[in-house]
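Working notes, structure below.
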Amino acid sequence: MSPLESSPVAPLTVGLLGASGFTGAELLRLLAVHPGFSLEVATGDTQVGRRVAELHPGLSGAYPDLIFAPVDIDRLAGLDVVFACLPHGSSQEILAQLVDRGPHLIDLGADFRLNDPGLYDEWYGATHTRPDLLDRFAYGLPELFADELSDRQHVAVPGCYPTAATLGLMPLVAAGQIEPTGIIVDAASGLSGAGRSPKENTTFCAADENFSAYGLLTHRHTPEIEQSVGLAAGGTASVLFTPHLAPMSRGILSTSYATPVDSVTTDELLDSLAKTYSDRPFVVVRDDPPGTKDTLGSNAAHVTARVDPRTGHAIVICAIDNLGKGASGQALQCANLLAGFPETVGLSTVGVTP
């Protein structure tokens, strides 16, 4: 039994903005079995007045009568934690009204991830309306940004692709074992990463038995990866990032190529990863290459690395569930830490097999 289950303290109250999407549904699933949080409000702009169980039948047992509510700032302000699973730009408007009113804010969107507000103009095509709030949000990758989480009230959860790439690359750059420039990140995601709204390239006929690249040279997660790698290097980084859609529901496999420094070996790369994550419950450092099913349904990340002396390249591979460690699971992990709970409460460290 979890120590929280026997605790006389009432659960913390939670609100969920954008509960109608895939990340919202995953958070609903995780919160349903979390002993320390009690969901009080779930919003969904296009679903207001509809039962959650109608849209998400798999959640019927946990939420038989929960209704999608409209956004009510005063009601949200009275809660302990508010998760936001909103499209880019929406969090700036809504969370700005809550940032000083009490609840911890956990934003799964991109609105507070980048330190330089000018990057939003360049990569998102819109000016950030509240740049004054960017430093109020910790970057929510607990394994590598623990200091930020310890002194901030709010969290910006990393993107799914940056989570996978950064977990593999950042420790090796910080150790001076690979160069921070000229990095190539080649990653594939399940279709849930594209969101619930139908798109031409995500219909069954378009995606089934198909593997396609998209966002060439312009994907919005590029500056986020460069930001973290640059911090590890104590300067700047350059990353060429190419995302792909894979014909599966969920999962990310990130394969990164970098230039090794001096005569670093495979064993030395693996040793750096193992030391970095030795006390981190959700990261598994492996000798063999991971696959997406190894992390399915979990908050785990599986990483490995190689040095190829023949070509002079280092390879770093990371597998995660894009809705787990890549979004909702990581959001709950951050919320646990802000609330003073063990970070593993309500989260699985093992994937679903088969």
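Ligands are numbered from 1 in the order shown, chains are lettered A, B, ... in the order of the structure tokens, and residues start at 1 in each chain.
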From a backbone DSSP assignment, name each residue in segment 19-168 of chain A labelled strand (DSSP E), as number ranges by chain.
A: 37-42, 81-84, 104-107, 137-139, 154-156
Could you save those same residues with C-alpha atoms as a CSV table (one decimal), in the first residue's frame?
```csv
chain,number,residue,atom,x,y,z
A,37,PHE,CA,-5.0,14.0,-6.2
A,38,SER,CA,-8.8,14.5,-6.6
A,39,LEU,CA,-10.0,15.7,-10.0
A,40,GLU,CA,-12.6,18.4,-9.5
A,41,VAL,CA,-12.8,20.1,-12.9
A,42,ALA,CA,-12.3,18.9,-16.5
A,81,VAL,CA,-3.1,22.0,-9.1
A,82,VAL,CA,-4.2,22.9,-12.6
A,83,PHE,CA,-3.0,21.0,-15.7
A,84,ALA,CA,-3.3,22.6,-19.1
A,104,HIS,CA,0.4,25.0,-9.2
A,105,LEU,CA,0.2,25.3,-13.0
A,106,ILE,CA,1.4,22.4,-15.1
A,107,ASP,CA,1.4,23.4,-18.8
A,137,PHE,CA,7.9,28.1,-15.1
A,138,ALA,CA,10.4,25.4,-14.5
A,139,TYR,CA,11.4,23.2,-17.4
A,154,HIS,CA,4.8,26.2,-12.0
A,155,VAL,CA,6.1,23.9,-14.7
A,156,ALA,CA,6.3,23.8,-18.5
```
Distance query segment 318-320 of chain A at most 6 Å, only C-alpha atoms, self and fewer than 6 positions along chain excluded, as JSON, numbers by chain
{"A": [164, 251, 252, 253, 254, 291, 292, 295, 301, 302, 303]}
Please report, as a VMD selection string, each residue of segment 17-187 of chain A to which DSSP assigns helix (DSSP H, G or I) when run on this structure's backbone.
chain A and resid 22 to 31 45 to 47 52 to 55 57 to 59 73 to 77 90 to 95 118 to 124 131 to 136 146 to 151 160 to 174
Near His219 of chain A, within 10 Å and counting only C-alpha atoms, which residues show up once chain neighbours fewer than 3 positions away are dropped, as a PyMOL selection string?
chain A and resi 123-124+214-216+222-223+240-243
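Of the residues under consideration (A:Thr311, A:Ser278, A:Gln227, A:Asn299), A:Thr311 shows the shortest atom-to-atom contact distance to Ala258 of chain A when counting only C-alpha atoms.
In this model, the gap between atom CA of Gly18 of chain A and atom CA of Tyr63 of chain A comes to 15.8 Å.
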Extract, using only C-alpha atoms, all DNA, RNA and protein residues at most 12 Å from Asp147 of chain A, discarding same-chain residues fewer than 5 positions from it, and format them as a list in words.
Ala138, Tyr139, Gly140, Leu141, Pro142, Arg152, Leu337 and Leu338 of chain A
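Using only C-alpha atoms for every distance, the candidate list A:Ala10, A:Ile73, A:Ala25, A:Val239 yields A:Val239 as the residue closest to Glu224 of chain A.
Take the candidates A:Arg101, A:Val14, A:Gly118, A:Thr259 and check each one against Asp80 of chain A using only C-alpha atoms; the shortest distance goes to A:Val14.
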Excluding same-chain residues fewer than 4 positions from Pro180 of chain A, what lies within 7 Å of it counting only C-alpha atoms, as a PyMOL selection string?
chain A and resi 173+229-230+233+237-238
Dump C-alpha atoms for the selected residues as an mmCIF file, in the first residue's frame?
```
data_model
loop_
_atom_site.group_PDB
_atom_site.id
_atom_site.type_symbol
_atom_site.label_atom_id
_atom_site.label_comp_id
_atom_site.auth_asym_id
_atom_site.auth_seq_id
_atom_site.Cartn_x
_atom_site.Cartn_y
_atom_site.Cartn_z
ATOM 1 C CA VAL A 173 27.280 16.883 -23.960
ATOM 2 C CA VAL A 229 21.798 20.818 -25.329
ATOM 3 C CA GLY A 230 23.194 24.359 -25.326
ATOM 4 C CA ALA A 233 27.435 22.747 -23.304
ATOM 5 C CA ALA A 237 24.078 24.043 -29.852
ATOM 6 C CA SER A 238 22.933 23.274 -33.383
#
```
I'd like the contact shell of Asp45 of chain A - 9 Å cut-off, only C-alpha atoms, skipping same-chain residues fewer than 4 positions apart - returned as a PyMOL selection string.
chain A and resi 17-18+20+68-71
Name the residues in contact with Phe22 of chain A at a cut-off of 12 Å, using only C-alpha atoms, excluding same-chain residues fewer than 4 positions from it; report them as a ChimeraX atom specification.
/A:18,26-29,44,55-56,85-86,108,190-197,249-250,322-324,327-328
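We find atom CA of Leu270 of chain A and atom CA of Thr236 of chain A to be spaced 23.9 Å apart.
For the pair atom CA of Ser212 of chain A and atom CA of Phe282 of chain A, the separation is 29.4 Å.
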Taking into account only C-alpha atoms, which residue in the set A:Tyr277, A:Phe211, A:Tyr257, A:Phe341 is nearest to Ile183 of chain A?
A:Tyr257
For Asn210 of chain A, which of A:Pro198, A:Gly176, A:Pro35, A:Pro247 is the closest residue, counting only C-alpha atoms?
A:Pro247
